[in-house]
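S.K.: Below is the structure I would like to discuss, written out as structure tokens.
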Amino acid sequence: MQPTELSNSSPAKDASDHRWRQRLNDWFPAILLFFVFAICVLPLLPLIGSWSNVEGDLWQHLWQTELPELFSNTLLLIALVGTASFLLGVGLAWLIVMYDFPGRSILQWGLMLPLAIPPYILAFVVLGFTDFGGPMQHALSAVGLGIEWLPDMRSPLGVSLVFTLSLYPYVYLLMRSALQRKGRSSYESARTLGYGKIAAFWKLVLPLTRPAWVAGLALVLMETLADFGAVSIFNFNTFTTAVYKSWYGFYSHNTAAQLACLLLLFVTLAVLAEKWGRGQGRYEQTGTALKQYRQRLSGVWGIFAQISAWLVFALGFVLPVIQLVVWSVASFERHTEGTLSLLMNTVILAVLAALLTLMVAAVVVWAQRHKASKPRAFMGEFSQLGYAMPGTVLAVGLMMALNIIDGWIADIFDAKGQWLATGLFALLLAYVIRFLRIGFGPLSSSMGQIKPSIIETAGILGAGKRERLFRVYIPLLRPGVLTALLLVFVEVMKEMPATLILRTFGWDTLAIRIYELSSEGEWELTALPAILLVAVGILPVILLIKKSEV
Amino acid sequence: MISMNKWLVALAVGAALSVTACGDSEEQSAVTKAAGKQEKVVAKKGSETAEAKAENQQEIVVYSSRKEHLIKPFFEQFTKETGIPVIYITDAAAPLISRLKAEGERSPADILMTVDAGNLWQATQEGVLQPLESEVLEANIPESLQDPDNEWFGLTVRARTIVYSKERVQPDELTTYEALGDEQWQGRLCLRTSKKVYNQSLVAMLIARHGEEKAQQIVEGWVANLATDPFSNDTKVMKAIEAGACDVGIVNTYYFGRLEKDNPEIPLALFWPNQQTTGVHVNVSGAGITKHSSNVENATKLLEWLSSAEAQQMYAGLNMEYPANPEIKPVPEVEAWGSFKADDMNLSKAGELQPQAVKVMDRAGYK
């Protein structure tokens, strides 16, 4: 090397240095995004690898016996839960944003609370209440009615009710803030332009708020598709139960993985179809929320709407909680010590996972904002597929992938032992992959509100990089960041299957205890950890709604 | 280090279905950077684990699908007596077996403990257990309750038997599992889901005795007699019988024991079927030493201790099961159900035939 080349004063060197830095600046976000993408698809690799060995006779058996029923069950469930969550989420949000009525201030956050009760808890509460030998039967027999009066909750309608009640808050939450931002003003403009009430709602408000309710519905449906806990308590066969059955009953990992692939393919197609349906049009969230003037609710429909809202609150939250408290009190003495440490574990894991997920989500959002391109959109979307994967499938895929890497590490460094597939690392990674979509959504939509013009203006006014970050980006992103953190926190707290597989010694959570007890049908004993889980979840859920207060 | 990064890059590239058109050098440098960061964290954790291991040379690591509250008191007792610490993780059997398999020789586990012979058999098939020569276990555990190759040993026994309503059924109306498919039970039978391994093992044993075709006819008979859709657990089956929705069902004995303990007046009773023929279907919870255990000696001690007279009665009794050690009496509540002839076909048959059993139940429409 010549000394001259090392000299900093060489103009040629400076230029190439600069160019190089420029290129790095350009590519760095993309490279980080690629890294996120690579990690997020890790659990998919063993699933894809499973196609190397197709057990034809097992597939034939499944096809001849179960698959047709599973398809129709799953579609029915999606249709029912989707329709009901849409009606409840959008309807209740509309009611709360547009109208005033007694108790509105309670309901507006009360209607979010069902989110703190995971479907598997609501499932055992509903069945424990309505099944033979439950409180409902006792109540019926007290008034002289027999068991034929018990509602048959172990039916498609019953399962759908449970999913709807515990998941519609996603639609409600997103729809409520969308309506506050723009729904009302557009509705009023449409009305002054001569649209009828209904036409204004269908033709203007719904299309304009489409990103909100579609995102909410996507969360509801993906969670429904990935659920194993609630459907197995109901013994309702869906695609996911078939995944488990192939694994647990037929001992065929490959068939289980292949079924999971089909499930993911289905979800991917649905996501793409929605994107395609939305077309190129972008729905920027314009306008800030204005102080609202709400109409007083009146008339028959007004009373009906109020009663419905209270009914949803009661069925989705108040009654299940009362039932859980009653059971907890009845079984309190039979509890062994250690429930508090489960609570601690749950909270610590949820906080860590929420922070990590936020960081990863920020990478994706940043890279996509930095430059919009097809590959970036593709990688961003694929990184979020974990949400549609049944937790166990994701966890096993990740475990296998990490163990393969561990094997390489062991070979290369001659270091026996576990490196990646152990400790909290694997579990936290699984949470991030599973819930990236939950963290990405709110962050990305608040980023969407920071229009490039704002940044340009800041630049013109002389704000440096650091200033732009701290005085523009961070304050404007704060609501999105908070929402993302709180949502992921609640989700991780409720997460059960991946925690079961990937947790390390001494890291049992409340959900694990709930699994252990409920899988033995010990509803009463399950109630105490369940009520603790719900209690911890309430606070973030209330914060979520307070934060979006106008 | 460098080769490790190469692997990561290779993996990342392989993972991508479509690779962005970025320059090779930048890509590598960024991945290297990120991977380096990650490695630091991992290396720290790795050394901690290694230290922990060095301090606790003899610690036993158990993967268990038997629930925590049924094992914890005994591990604590064992530690008190021997000074050997025991740590454990619980999960369903299939994921634990997958975990062992994926971890391979790096696995920290010493013992796999699970319920149902179907699961134990599967563990042997997946090659995650190792044969264990132990005179103590051979002496304590009967031949039919252990793996022919000594890879697992039953520790407790449960019977899957018939439960009936004392109000609406006379015991002499009942005879065998097979007869529950007869017309007289039309609309009077309640069952748990076919997805539960207990039912899969029961049907597997029917296949072993009667052949697949006959077994399917029996199961079809059951399905035709169902009063309502199958339940998700045995307790619900008994609650349904108690409520009058049906009159008979098939349950594991300890679930009945739990209900009876809560309500001694419960109008249900157990019936021991197939006494003139094959005997009551029994199953086990059991354990084996993992193939890559680094602590076989202590792990063996724990299993031997669990099979001993000292531990057996309470270990089984806590869950109202029967001790696997025939010398030991069950707890009084369990003894009160009376004695019975048990099916003595080796339980590994249940595992072998399990996938076939699931197919039979699918074809019979048993959900």
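Letters for chains follow the order of the structure tokens (A, B, ...), residue numbers begin at 1 for each chain, and ligand numbers begin at 1 in the order shown.
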Would you pick out the contacts of stretch 58-63 of chain A at 10 Å or less, using only C-alpha atoms, so that residues sharing its chain but fewer than 2 positions from it are not included, and give the list as a PDB file with C-alpha atoms, in the first residue's frame?
M.R.:
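Produced file selection13.pdb, reproduced below:
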ATOM      1  CA  VAL A  54     -45.166 -36.832   1.935  1.00  0.00           C
ATOM      2  CA  GLU A  55     -47.044 -39.687   3.537  1.00  0.00           C
ATOM      3  CA  GLY A  56     -49.535 -40.413   0.808  1.00  0.00           C
ATOM      4  CA  THR A  65     -62.397 -38.773   6.548  1.00  0.00           C
ATOM      5  CA  GLU A  66     -61.731 -35.393   8.010  1.00  0.00           C
ATOM      6  CA  LEU A  67     -60.459 -32.738   5.656  1.00  0.00           C
ATOM      7  CA  PRO A  68     -63.747 -31.816   3.982  1.00  0.00           C
ATOM      8  CA  GLU A  69     -65.337 -31.310   7.379  1.00  0.00           C
ATOM      9  CA  LEU A  70     -62.334 -29.353   8.624  1.00  0.00           C
ATOM     10  CA  ALA A 242     -55.853 -31.427  12.392  1.00  0.00           C
ATOM     11  CA  SER A 246     -51.410 -35.500  12.845  1.00  0.00           C
ATOM     12  CA  PHE A 250     -50.450 -40.112  13.961  1.00  0.00           C
ATOM     13  CA  SER A 252     -46.388 -37.631  11.760  1.00  0.00           C
ATOM     14  CA  THR A 255     -48.008 -34.234   7.770  1.00  0.00           C
ATOM     15  CA  GLN A 258     -47.594 -29.789   5.670  1.00  0.00           C
ATOM     16  CA  LEU A 259     -51.039 -28.991   7.009  1.00  0.00           C
TER      17      LEU A 259
ATOM     18  CA  PRO B 355     -52.024 -44.428  14.394  1.00  0.00           C
ATOM     19  CA  LYS B 359     -57.755 -43.977  11.626  1.00  0.00           C
ATOM     20  CA  ASP B 362     -61.887 -41.264  12.121  1.00  0.00           C
ATOM     21  CA  ARG B 363     -63.608 -43.688   9.800  1.00  0.00           C
TER      22      ARG B 363
END
S.K.: Quick one: residues within 9 Å of B:Pro326, only C-alpha atoms counted, chain neighbours fewer than 3 positions away excluded, as a list in words?
M.R.: Asn140, Ile141, Pro142, Tyr322, Pro323 and Lys329 of chain B
S.K.: Check every residue of chain A for an atom within 8 Å of chain B, counting only C-alpha atoms, and provide those that qualify as a PyMOL selection string.
M.R.: chain A and resi 24+27-28+31-32+35+37-39+41-42+45+61+65-66+131-133+147+232-235+245+247-251+375+396+399-400+403-404+408-409+412+416-420+423+500-501+504-506+516+519-521
S.K.: Using only C-alpha atoms, which residue out of B:Ala311, B:Val296, B:Leu259, B:Val219 lies closest to B:Glu133?
M.R.: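 Once distances to B:Glu133 are computed over only C-alpha atoms, the minimum belongs to B:Val296.
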S.K.: Between atom CA of B:Ser348 and atom CA of B:Phe75, what is the distance, to one decimal in Å?
M.R.: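 Taking atom CA of B:Ser348 as the start and atom CA of B:Phe75 as the end point, the length is 26.8 Å.
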